[in-house]
file model15.txt (compact mmCIF, C-alpha atoms and all ligand atoms)
# COMPACT_ATOMS: atom_id res chain seq x y z
CA MET A 1 3.00 -10.16 6.76
CA GLU A 2 2.11 -6.72 5.51
CA VAL A 3 3.66 -3.79 7.39
CA ARG A 4 0.98 -1.44 8.72
CA ASN A 5 1.46 2.30 8.55
CA ILE A 6 0.27 4.22 11.60
CA VAL A 7 0.41 7.97 11.11
CA VAL A 8 0.42 10.49 13.97
CA LEU A 9 -1.36 13.75 13.10
CA GLY A 10 -2.27 16.98 14.80
CA ARG A 11 -1.39 20.62 15.18
CA ARG A 12 2.13 21.84 15.95
CA ASN A 13 3.19 21.29 19.55
CA ALA A 14 0.34 18.85 20.16
CA GLY A 15 3.02 16.40 21.32
CA LYS A 16 3.12 14.12 18.28
CA SER A 17 6.86 13.52 18.44
CA SER A 18 6.77 12.95 22.20
CA LEU A 19 4.09 10.31 21.69
CA VAL A 20 6.04 8.61 18.88
CA ASN A 21 9.16 8.48 21.05
CA LEU A 22 7.26 7.01 23.94
CA LEU A 23 5.43 4.47 21.80
CA THR A 24 8.56 3.26 20.06
CA GLY A 25 10.68 3.50 23.21
CA GLN A 26 13.34 5.44 21.32
CA ASN A 27 14.26 9.00 20.58
CA VAL A 28 13.09 8.82 17.00
CA SER A 29 11.98 12.43 16.63
CA ILE A 30 13.26 15.69 18.05
CA VAL A 31 10.98 17.16 20.68
CA SER A 32 10.97 20.87 21.53
CA ASP A 33 8.59 23.59 22.55
CA VAL A 34 9.26 25.38 19.25
CA ALA A 35 6.17 24.97 17.07
CA GLY A 36 7.14 23.31 13.79
CA THR A 37 10.02 21.18 15.09
CA THR A 38 9.12 18.19 12.93
CA THR A 39 9.27 19.07 9.24
CA ASP A 40 9.35 15.95 7.05
CA PRO A 41 7.58 12.72 8.01
CA VAL A 42 9.77 10.52 10.24
CA ARG A 43 9.22 6.75 10.23
CA LYS A 44 10.14 4.16 12.79
CA ARG A 45 9.52 0.45 12.34
CA MET A 46 8.31 -1.43 15.39
CA GLU A 47 6.53 -4.65 16.21
CA ILE A 48 3.18 -4.28 17.97
CA LYS A 49 2.08 -7.47 19.66
CA GLY A 50 -1.22 -8.58 18.16
CA VAL A 51 -0.73 -6.42 15.05
CA GLY A 52 2.72 -7.32 13.70
CA PRO A 53 5.26 -5.03 12.02
CA CYS A 54 4.22 -1.36 11.90
CA ASN A 55 5.73 1.89 10.73
CA ILE A 56 4.98 4.66 13.18
CA ILE A 57 5.01 7.88 11.16
CA ASP A 58 5.56 11.22 12.87
CA THR A 59 4.46 14.23 10.82
CA ALA A 60 4.66 18.00 10.68
CA GLY A 61 1.77 19.93 12.24
CA VAL A 62 -1.27 20.28 9.97
CA ASP A 63 -1.54 23.93 11.00
CA ASP A 64 1.95 24.80 9.74
CA SER A 65 1.83 28.14 7.94
CA GLY A 66 3.76 30.06 5.29
CA ASP A 67 4.79 28.66 1.90
CA VAL A 68 7.14 25.99 3.25
CA GLY A 69 4.81 25.24 6.15
CA LYS A 70 1.98 24.52 3.73
CA LEU A 71 4.22 22.12 1.82
CA ARG A 72 5.01 20.36 5.09
CA SER A 73 1.40 20.05 6.15
CA SER A 74 0.43 18.75 2.71
CA ARG A 75 3.09 16.02 3.13
CA SER A 76 1.44 15.13 6.43
CA LEU A 77 -1.93 14.83 4.67
CA MET A 78 -0.41 12.63 1.97
CA GLU A 79 0.84 10.28 4.68
CA ALA A 80 -2.58 10.45 6.32
CA VAL A 81 -4.65 9.28 3.35
CA SER A 82 -2.47 6.30 2.60
CA ALA A 83 -2.08 5.08 6.19
CA ASP A 84 -3.67 1.98 7.66
CA LEU A 85 -4.50 3.83 10.85
CA ALA A 86 -4.24 7.44 11.99
CA LEU A 87 -3.96 8.96 15.45
CA ILE A 88 -5.45 12.46 15.63
CA LEU A 89 -3.90 14.29 18.56
CA PHE A 90 -5.60 17.25 20.19
CA THR A 91 -5.12 19.09 23.48
CA GLY A 92 -7.07 21.19 25.94
CA ASN A 93 -10.44 19.72 24.86
CA ASN A 94 -10.09 21.70 21.62
CA PHE A 95 -11.24 19.45 18.80
CA LEU A 96 -11.69 22.31 16.36
CA ASP A 97 -11.41 23.00 12.63
CA TYR A 98 -7.98 21.45 12.04
CA GLU A 99 -8.92 18.27 13.87
CA ARG A 100 -12.38 18.11 12.25
CA ASN A 101 -10.93 18.59 8.78
CA LEU A 102 -8.46 15.80 9.48
CA ALA A 103 -11.21 13.48 10.68
CA ASN A 104 -13.30 14.25 7.59
CA LEU A 105 -10.37 13.70 5.23
CA LEU A 106 -9.63 10.35 6.88
CA LYS A 107 -13.27 9.32 6.66
CA GLU A 108 -13.44 10.25 2.97
CA ASN A 109 -10.39 8.07 2.36
CA ASP A 110 -11.61 5.17 4.51
CA VAL A 111 -8.66 5.47 6.87
CA PRO A 112 -9.66 4.33 10.37
CA PHE A 113 -8.55 6.62 13.18
CA ILE A 114 -8.24 7.00 16.93
CA ILE A 115 -8.74 10.38 18.59
CA VAL A 116 -6.08 11.01 21.23
CA HIS A 117 -6.47 13.73 23.83
CA ASN A 118 -2.84 14.55 24.60
CA GLN A 119 -1.20 16.43 27.45
CA GLU A 120 -3.73 15.05 29.92
CA ASP A 121 -1.48 16.23 32.75
CA VAL A 122 -2.08 19.83 31.66
CA GLU A 123 -5.81 19.55 31.03
CA HIS A 124 -8.14 16.58 31.50
CA LEU A 125 -10.38 15.44 28.70
CA GLU A 126 -13.94 16.41 29.64
CA ASP A 127 -16.34 13.50 29.70
CA ASP A 128 -18.92 15.24 27.54
CA VAL A 129 -16.25 16.02 24.90
CA ARG A 130 -15.16 12.38 24.90
CA VAL A 131 -18.71 11.07 24.56
CA SER A 132 -19.69 13.51 21.83
CA LEU A 133 -16.53 12.77 19.79
CA SER A 134 -16.94 9.03 20.05
CA ASP A 135 -20.64 9.33 19.10
CA GLU A 136 -19.92 11.60 16.16
CA TYR A 137 -16.92 9.74 14.70
CA LYS A 138 -17.65 6.23 15.96
CA CYS A 139 -14.01 5.74 16.88
CA PRO A 140 -12.04 5.20 20.09
CA VAL A 141 -11.21 8.38 22.02
CA VAL A 142 -8.27 7.88 24.41
CA ARG A 143 -6.29 10.04 26.79
CA PHE A 144 -2.51 10.37 26.68
CA THR A 145 0.47 12.13 28.21
CA TRP A 146 4.18 11.54 28.03
CA LEU A 147 4.68 12.15 31.74
CA LYS A 148 6.81 9.26 32.94
CA ASN A 149 5.12 8.38 36.24
CA ILE A 150 1.77 7.56 34.67
CA SER A 151 2.75 6.98 31.07
CA GLY A 152 2.76 3.19 31.32
CA MET A 153 -1.00 3.16 31.65
CA TYR A 154 -1.59 5.58 28.80
CA VAL A 155 0.70 3.69 26.46
CA SER A 156 -1.04 0.39 27.12
CA GLU A 157 -4.47 1.93 26.57
CA LEU A 158 -3.31 3.43 23.29
CA VAL A 159 -1.73 0.17 22.14
CA GLU A 160 -4.90 -1.67 23.04
CA ALA A 161 -6.94 0.75 20.93
CA ILE A 162 -4.47 0.34 18.03
CA CYS A 163 -4.76 -3.46 18.25
CA GLY A 164 -8.54 -3.16 18.30
CA MET A 165 -8.59 -1.10 15.12
CA LEU A 166 -5.91 -2.90 13.12
CA GLY A 167 -7.09 -6.30 14.26
CA GLN A 168 -10.45 -5.62 12.58
CA ALA A 169 -8.85 -4.28 9.42
CA GLY A 170 -6.46 -7.24 9.32
CA ASP A 171 -9.27 -9.76 9.30
CA ALA A 172 -10.72 -8.24 6.15
CA GLU A 173 -7.46 -8.40 4.21
CA GLN A 174 -7.48 -10.76 1.27
CA SER A 175 -4.99 -13.55 1.07
CA LEU A 176 -2.64 -13.39 -1.89
CA VAL A 177 -3.48 -16.86 -3.18
CA PRO A 178 -7.13 -17.75 -2.59
CA GLU A 179 -7.95 -21.38 -1.77
CA SER A 180 -10.13 -21.39 -4.89
CA LEU A 181 -6.92 -21.07 -6.91
CA ALA A 182 -4.70 -23.48 -5.02
CA GLY A 183 -5.63 -25.26 -1.82
CA GLU A 184 -4.44 -28.36 0.02
CA GLY A 185 -2.77 -30.93 -2.21
CA ASP A 186 -3.21 -28.88 -5.41
CA ARG A 187 -0.20 -29.01 -7.71
CA VAL A 188 1.09 -25.60 -8.73
CA LEU A 189 3.85 -24.67 -11.15
CA LEU A 190 5.71 -21.41 -10.57
CA VAL A 191 7.79 -20.01 -13.42
CA CYS A 192 10.52 -17.64 -12.20
CA PRO A 193 12.97 -16.45 -14.85
CA ILE A 194 16.43 -15.71 -13.48
CA ASP A 195 17.51 -13.08 -15.98
CA ARG A 196 19.98 -10.22 -15.80
CA GLY A 197 17.48 -8.11 -13.87
CA ALA A 198 17.09 -10.74 -11.13
CA PRO A 199 18.72 -9.86 -7.80
CA GLU A 200 21.84 -11.72 -6.75
CA GLY A 201 21.25 -14.94 -4.80
CA ARG A 202 17.54 -14.64 -4.06
CA LEU A 203 14.04 -14.54 -5.52
CA ILE A 204 12.09 -11.30 -5.70
CA LEU A 205 9.54 -10.49 -3.01
CA PRO A 206 6.34 -11.22 -5.02
CA GLN A 207 7.64 -14.70 -5.85
CA VAL A 208 8.63 -15.37 -2.25
CA GLN A 209 5.28 -14.18 -0.93
CA VAL A 210 3.25 -16.24 -3.40
CA LEU A 211 5.38 -19.28 -2.58
CA ARG A 212 4.85 -18.74 1.14
CA ASN A 213 1.09 -18.39 0.64
CA LEU A 214 0.97 -21.58 -1.41
CA LEU A 215 2.84 -23.41 1.35
CA ASP A 216 0.40 -21.98 3.91
CA ASN A 217 -2.42 -23.34 1.73
CA ARG A 218 -0.60 -26.72 1.72
CA ALA A 219 -0.33 -26.77 -2.07
CA VAL A 220 2.34 -28.90 -3.78
CA VAL A 221 4.66 -26.48 -5.53
CA THR A 222 7.21 -26.89 -8.33
CA VAL A 223 9.44 -23.92 -9.22
CA ILE A 224 11.21 -23.71 -12.59
CA GLN A 225 12.73 -21.27 -15.05
CA PRO A 226 11.07 -20.83 -18.49
CA SER A 227 13.81 -22.90 -20.13
CA GLU A 228 12.52 -25.94 -18.19
CA LEU A 229 8.95 -25.65 -19.49
CA LYS A 230 9.77 -28.22 -22.15
CA ASP A 231 10.68 -30.72 -19.40
CA VAL A 232 7.33 -30.48 -17.63
CA PHE A 233 4.88 -30.05 -20.51
CA PRO A 234 2.85 -31.31 -22.29
CA ASP A 235 2.55 -34.09 -19.66
CA GLY A 236 2.64 -32.02 -16.45
CA LYS A 237 -0.50 -32.31 -14.37
CA TYR A 238 -0.86 -28.97 -12.63
CA LYS A 239 -3.96 -27.30 -11.30
CA VAL A 240 -2.57 -23.87 -12.08
CA VAL A 241 0.54 -22.17 -13.46
CA ILE A 242 1.79 -18.84 -12.06
CA THR A 243 4.50 -17.07 -13.98
CA ASP A 244 6.48 -13.89 -13.95
CA SER A 245 4.68 -11.62 -16.44
CA GLN A 246 7.79 -11.34 -18.56
CA ALA A 247 7.62 -15.05 -19.43
CA PHE A 248 3.89 -14.96 -20.20
CA ALA A 249 4.19 -15.63 -23.91
CA GLU A 250 6.51 -18.63 -23.53
CA VAL A 251 4.38 -20.07 -20.76
CA ALA A 252 1.11 -19.56 -22.63
CA GLN A 253 2.57 -21.43 -25.57
CA ALA A 254 3.86 -24.35 -23.50
CA VAL A 255 0.86 -24.96 -21.24
CA PRO A 256 -1.89 -27.20 -22.67
CA GLU A 257 -5.46 -25.94 -22.73
CA GLY A 258 -7.42 -26.47 -19.53
CA ILE A 259 -4.71 -25.38 -17.06
CA PRO A 260 -5.29 -21.82 -15.80
CA VAL A 261 -2.27 -19.53 -16.30
CA GLY A 262 -1.75 -16.28 -14.40
CA SER A 263 1.03 -14.13 -13.02
CA PHE A 264 2.48 -12.95 -9.73
CA SER A 265 1.52 -9.39 -10.52
CA ILE A 266 -2.09 -10.31 -11.30
CA LEU A 267 -2.27 -11.88 -7.83
CA PHE A 268 -0.85 -8.70 -6.30
CA ALA A 269 -3.26 -6.60 -8.33
CA ARG A 270 -6.09 -8.59 -6.83
CA ARG A 271 -4.92 -8.16 -3.27
CA LYS A 272 -3.31 -4.77 -3.53
CA GLY A 273 -5.46 -2.18 -5.11
CA PRO A 274 -8.68 -2.01 -7.04
CA PHE A 275 -8.62 -5.19 -9.11
CA LYS A 276 -11.79 -4.38 -11.06
CA LEU A 277 -10.52 -0.93 -12.03
CA PHE A 278 -7.20 -2.42 -13.19
CA LEU A 279 -9.09 -5.00 -15.22
CA GLU A 280 -11.55 -2.55 -16.78
CA SER A 281 -8.85 0.01 -17.57
CA VAL A 282 -6.41 -2.27 -19.34
CA SER A 283 -8.15 -1.99 -22.72
CA ALA A 284 -7.23 1.74 -22.74
CA ILE A 285 -3.85 0.51 -24.04
CA GLY A 286 -5.64 -0.24 -27.31
CA ASP A 287 -6.87 3.38 -27.56
CA LEU A 288 -3.52 5.17 -27.23
CA ARG A 289 -2.82 7.86 -29.84
CA ASP A 290 0.18 9.83 -31.01
CA GLY A 291 1.31 12.38 -28.41
CA ASP A 292 -0.43 10.65 -25.49
CA LYS A 293 1.17 10.76 -22.05
CA VAL A 294 1.44 7.66 -19.90
CA LEU A 295 2.06 7.76 -16.15
CA ILE A 296 4.07 4.95 -14.58
CA LEU A 297 3.49 4.63 -10.82
CA GLU A 298 6.22 2.83 -8.91
CA SER A 299 5.65 2.11 -5.25
CA CYS A 300 9.18 1.62 -4.04
CA THR A 301 11.61 4.49 -3.85
CA HIS A 302 14.78 2.43 -4.05
CA ARG A 303 16.20 1.39 -7.36
CA ALA A 304 14.79 -2.13 -7.32
CA SER A 305 14.81 -4.81 -9.96
CA CYS A 306 11.28 -3.78 -10.95
CA ASP A 307 12.79 -0.50 -12.08
CA ASP A 308 13.82 -2.05 -15.24
CA ILE A 309 10.28 -3.28 -15.98
CA GLY A 310 8.59 0.05 -15.30
CA ARG A 311 11.18 2.38 -16.74
CA VAL A 312 12.39 0.38 -19.70
CA LYS A 313 10.41 -2.70 -20.62
CA ILE A 314 6.83 -1.45 -20.29
CA PRO A 315 7.46 1.85 -22.14
CA ALA A 316 9.20 -0.07 -24.93
CA MET A 317 6.38 -2.61 -25.12
CA LEU A 318 3.71 0.12 -25.16
CA LYS A 319 5.43 1.97 -27.98
CA LYS A 320 5.83 -1.20 -29.97
CA TYR A 321 2.32 -2.48 -29.31
CA SER A 322 0.56 0.81 -30.10
CA GLY A 323 2.95 1.98 -32.80
CA LYS A 324 2.34 5.48 -31.41
CA ASP A 325 4.59 8.28 -30.31
CA LEU A 326 4.10 8.21 -26.52
CA SER A 327 5.76 10.05 -23.66
CA PHE A 328 6.18 8.77 -20.10
CA ASP A 329 6.29 10.20 -16.61
CA PHE A 330 7.63 8.09 -13.74
CA VAL A 331 6.57 8.75 -10.18
CA SER A 332 8.08 6.80 -7.26
CA GLY A 333 6.95 6.15 -3.72
CA LEU A 334 4.73 8.87 -2.34
CA ASP A 335 6.13 11.57 -4.63
CA GLU A 336 3.65 14.10 -5.89
CA ILE A 337 1.82 13.18 -9.10
CA PRO A 338 2.02 15.90 -11.77
CA GLU A 339 -1.35 17.29 -12.81
CA SER A 340 -0.82 16.84 -16.57
CA GLY A 341 -3.48 15.06 -18.58
CA TYR A 342 -2.61 11.40 -18.86
CA SER A 343 -4.32 8.95 -21.18
CA LEU A 344 -3.29 5.99 -19.08
CA ALA A 345 -1.59 5.20 -15.78
CA ILE A 346 0.12 1.91 -14.94
CA GLN A 347 0.76 0.97 -11.31
CA CYS A 348 3.54 -1.47 -10.31
CA GLY A 349 2.75 -4.69 -8.46
CA GLY A 350 3.30 -2.88 -5.18
CA CYS A 351 5.24 -5.59 -3.35
CA MET A 352 6.79 -2.93 -1.09
CA ALA A 353 3.58 -0.98 -0.45
CA THR A 354 0.44 -1.63 1.57
CA SER A 355 -2.97 -2.15 -0.06
CA ARG A 356 -4.14 1.14 1.37
CA GLN A 357 -1.20 3.05 -0.09
CA ILE A 358 -1.83 1.59 -3.53
CA SER A 359 -5.58 2.19 -3.36
CA ALA A 360 -5.13 5.80 -2.21
CA ARG A 361 -2.62 6.51 -4.94
CA VAL A 362 -4.64 4.88 -7.66
CA ALA A 363 -7.82 6.64 -6.52
CA SER A 364 -6.15 10.05 -6.74
CA VAL A 365 -5.36 9.39 -10.41
CA ALA A 366 -8.61 7.62 -11.32
CA GLU A 367 -10.59 10.55 -9.86
CA LYS A 368 -9.27 12.67 -12.70
CA GLY A 369 -10.80 10.26 -15.19
CA VAL A 370 -7.51 8.54 -16.06
CA PRO A 371 -7.77 4.78 -16.66
CA VAL A 372 -5.41 2.99 -14.26
CA THR A 373 -4.17 -0.54 -14.75
CA ASN A 374 -1.13 -2.37 -13.40
CA TYR A 375 2.12 -3.81 -14.74
CA GLY A 376 0.98 -7.41 -14.90
CA MET A 377 -2.34 -6.65 -16.56
CA ALA A 378 -0.70 -4.33 -19.08
CA ILE A 379 1.88 -6.94 -20.04
CA ALA A 380 -0.78 -9.66 -20.23
CA PHE A 381 -2.87 -7.43 -22.49
CA MET A 382 -0.02 -6.58 -24.83
CA LYS A 383 0.97 -10.22 -25.06
CA GLY A 384 -2.57 -11.08 -26.15
CA LEU A 385 -3.33 -13.02 -22.98
CA PHE A 386 -6.82 -11.59 -22.62
CA ALA A 387 -7.77 -13.69 -25.64
CA ASP A 388 -6.20 -16.80 -24.05
CA ALA A 389 -8.62 -19.33 -22.54
CA ASN A 390 -6.16 -20.44 -19.83
CA PHE A 391 -5.63 -16.86 -18.70
CA LYS A 392 -9.37 -16.19 -18.66
CA ALA A 393 -9.83 -19.31 -16.54
CA PHE A 394 -7.24 -17.94 -14.08
CA LEU A 395 -9.07 -14.60 -13.82
CA HIS A 396 -12.28 -16.49 -13.23
CA LEU A 397 -10.72 -18.50 -10.38
CA ILE A 398 -9.43 -15.45 -8.52
CA ALA A 399 -12.54 -13.28 -8.99
CA GLU A 400 -14.65 -13.00 -5.85
N1 LIG B 1 3.03 18.74 29.87
C1 LIG B 1 3.14 18.07 28.74
N2 LIG B 1 3.92 18.54 27.78
C2 LIG B 1 4.03 17.82 26.63
C3 LIG B 1 3.34 16.59 26.44
N3 LIG B 1 3.64 16.12 25.20
C4 LIG B 1 4.48 17.00 24.67
N4 LIG B 1 4.73 18.02 25.51
C5 LIG B 1 5.61 19.18 25.28
O1 LIG B 1 5.08 19.92 24.20
C6 LIG B 1 6.13 20.44 23.39
C7 LIG B 1 5.96 19.97 21.97
O2 LIG B 1 6.12 18.56 21.91
P1 LIG B 1 6.47 17.80 20.58
O3 LIG B 1 6.39 16.35 20.86
O4 LIG B 1 7.72 18.32 19.98
O5 LIG B 1 5.22 18.26 19.70
P2 LIG B 1 4.95 18.02 18.15
O6 LIG B 1 3.48 17.84 17.99
O7 LIG B 1 5.81 16.95 17.63
O8 LIG B 1 5.35 19.43 17.56
P3 LIG B 1 5.83 19.82 16.06
O9 LIG B 1 6.89 18.86 15.64
O10 LIG B 1 6.35 21.20 16.24
O11 LIG B 1 4.62 19.77 15.18
C8 LIG B 1 7.43 19.97 24.03
O12 LIG B 1 7.93 20.98 24.83
C9 LIG B 1 7.00 18.76 24.85
O13 LIG B 1 7.84 18.54 25.97
C10 LIG B 1 2.51 16.12 27.50
O14 LIG B 1 1.86 15.07 27.44
N5 LIG B 1 2.44 16.90 28.61
MG MG B 2 7.19 16.97 16.17

call {"tool": "encode", "arguments": {"input": "model15.txt", "output": "structure tokens"}}
result
Amino acid sequence: MEVRNIVVLGRRNAGKSSLVNLLTGQNVSIVSDVAGTTTDPVRKRMEIKGVGPCNIIDTAGVDDSGDVGKLRSSRSLMEAVSADLALILFTGNNFLDYERNLANLLKENDVPFIIVHNQEDVEHLEDDVRVSLSDEYKCPVVRFTWLKNISGMYVSELVEAICGMLGQAGDAEQSLVPESLAGEGDRVLLVCPIDRGAPEGRLILPQVQVLRNLLDNRAVVTVIQPSELKDVFPDGKYKVVITDSQAFAEVAQAVPEGIPVGSFSILFARRKGPFKLFLESVSAIGDLRDGDKVLILESCTHRASCDDIGRVKIPAMLKKYSGKDLSFDFVSGLDEIPESGYSLAIQCGGCMATSRQISARVASVAEKGVPVTNYGMAIAFMKGLFADANFKAFLHLIAE
């Protein structure tokens, strides 16, 4: 199940950290009456009944000032636009410019939000303020305070509102493997190379998640390494073959015509991020020229096994395929994207990121007119798969 990111936003001293501590039941963030206590975003994983695993993200005040303060508040906004849900805290019935700008930014980025009137013990939320905010923003407006004697009630109302919002969003989420691709009783072949880059003793997350989804769909699954392709084909009767992109060429050669062939990363591209944009942008690989800059977007910050694909294999393949002198920038996690003019951006499969994070990141690059595709599509393109009938059949099956 995808982890949902819930970001807590507001001005300094609004009580963001106090709320995070109360919600998570732990002293995650330092609380003090000094404005600007929280500097970098602080995350705490928790399970919310009815929603599932969530990261509660405490942030620095959006009104932080000075050079460093501005950097802090811009980090808060970065967290905001890629969250699955935001809580906008305000106090004293003052939903003013900072709060309005936040609400507008969230709306522009399709991030649902809840407006939280905090420090209710100090000043009550006026009914007319509540009604006008909920009319204007069409979102829940709840009251909150950390004060222990009454906090139980406020926490449950907030959690209820969170469940209401994320429950709706959750329903709309696409499954990784649509029934149209592999449903009950369908035979599926998964090709998972165990090479030097593979982690010790386990499969990588995209493979595990696809396998789990296939089992949920009640498909009949066979898992092999590329070296075993010769044992299952040409006779193997499979409805579909899903391979690691790196083994595309071998698989395409072994699988007889009429069996759709796709990859784990194409499935992730469909669920995580703008599939159509990835698909339309991939041909930009064919237009690369000498001196062009390519941006590689990785979504995990740890040095994972996909590192090797993004940092080494894809750049090498692009250089070889295009025959051009290219340079590469690599940006991990939520790190800032340099402004320089890129001719192409390639996003990783995003197994560690949420759909919203990927979409927000990709949109910020695409807005500048840069074509953005993803690892799996790029590899498929360079291996000539877009001319392959089995691959086209796979794309057809997963298109809405
Ligand atoms: N009376 C009252 N005080 C509160 C409440 N919530 C927070 N405070 C107090 O307000 C001050 C700031 O609280 P924090 O939780 O640190 O606020 P913050 O929004 O995280 O502040 P920064 O990290 O500086 O942006 C502390 O002194 C808290 O004890 C509340 O509901 N009622
Ligand atoms: Mg704080």

call {"tool": "closest_residue", "arguments": {"input": "model15.txt", "among": "A:Ile337, A:Leu106, A:Ile285, A:Val81", "to": "A:Lys320", "atoms": "all atoms listed in the file"}}
result
A:Ile285

call {"tool": "residues_near_ligand", "arguments": {"input": "model15.txt", "ligand": "ligand LIG 1 (chain B)", "cutoff": "9 Å", "atoms": "all atoms listed in the file", "output": "MDAnalysis selection string"}}
result
chainID A and resid 8:21 29:39 58:64 89 91 118:123 144:147 151

call {"tool": "closest_residue", "arguments": {"input": "model15.txt", "among": "A:Gly152, A:Pro41, A:Gly25, A:Gly183", "to": "ligand MG 2 (chain B)", "atoms": "all atoms listed in the file"}}
result
A:Pro41

call {"tool": "residues_around", "arguments": {"input": "model15.txt", "residues": "A:Cys192", "least_positions_apart": "2", "cutoff": "8 Å", "atoms": "only C-alpha atoms", "output": "PDB file with C-alpha atoms, keeping the file's coordinate frame"}}
result
ATOM      1  CA  LEU A 190       5.710 -21.410 -10.570  1.00  0.00           C
ATOM      2  CA  ILE A 194      16.430 -15.710 -13.480  1.00  0.00           C
ATOM      3  CA  GLN A 207       7.640 -14.700  -5.850  1.00  0.00           C
ATOM      4  CA  VAL A 223       9.440 -23.920  -9.220  1.00  0.00           C
ATOM      5  CA  ILE A 224      11.210 -23.710 -12.590  1.00  0.00           C
ATOM      6  CA  GLN A 225      12.730 -21.270 -15.050  1.00  0.00           C
ATOM      7  CA  PRO A 226      11.070 -20.830 -18.490  1.00  0.00           C
ATOM      8  CA  THR A 243       4.500 -17.070 -13.980  1.00  0.00           C
ATOM      9  CA  ASP A 244       6.480 -13.890 -13.950  1.00  0.00           C
TER      10      ASP A 244
END

call {"tool": "atom_distance", "arguments": {"input": "model15.txt", "atom1": "atom CA of A:Val282", "atom2": "atom CA of A:Glu336"}}
result
23.5 Å

call {"tool": "closest_residue", "arguments": {"input": "model15.txt", "among": "A:Glu136, A:Ile6, A:Ser73, A:Gly66", "to": "ligand MG 2 (chain B)", "atoms": "all atoms listed in the file"}}
result
A:Ser73

call {"tool": "closest_residue", "arguments": {"input": "model15.txt", "among": "A:Ile314, A:Val159, A:Val3, A:Val141", "to": "A:Phe381", "atoms": "all atoms listed in the file"}}
result
A:Ile314

call {"tool": "closest_residue", "arguments": {"input": "model15.txt", "among": "A:His117, A:Arg289, A:Arg43, A:Lys276", "to": "ligand MG 2 (chain B)", "atoms": "all atoms listed in the file"}}
result
A:Arg43

call {"tool": "closest_residue", "arguments": {"input": "model15.txt", "among": "A:Val142, A:Leu277, A:Ala161, A:Leu229", "to": "A:Ala254", "atoms": "only C-alpha atoms"}}
result
A:Leu229

call {"tool": "residues_near_point", "arguments": {"input": "model15.txt", "point": "(-4.7, 7.3, -5.8)", "cutoff": "12 Å", "atoms": "only C-alpha atoms", "output": "PyMOL selection string"}}
result
chain A and resi 78+81-82+109+273-274+277+297+299+333-337+345-347+355-373

call {"tool": "atom_distance", "arguments": {"input": "model15.txt", "atom1": "atom CA of A:Asp110", "atom2": "atom CA of A:Glu2"}}
result
18.2 Å
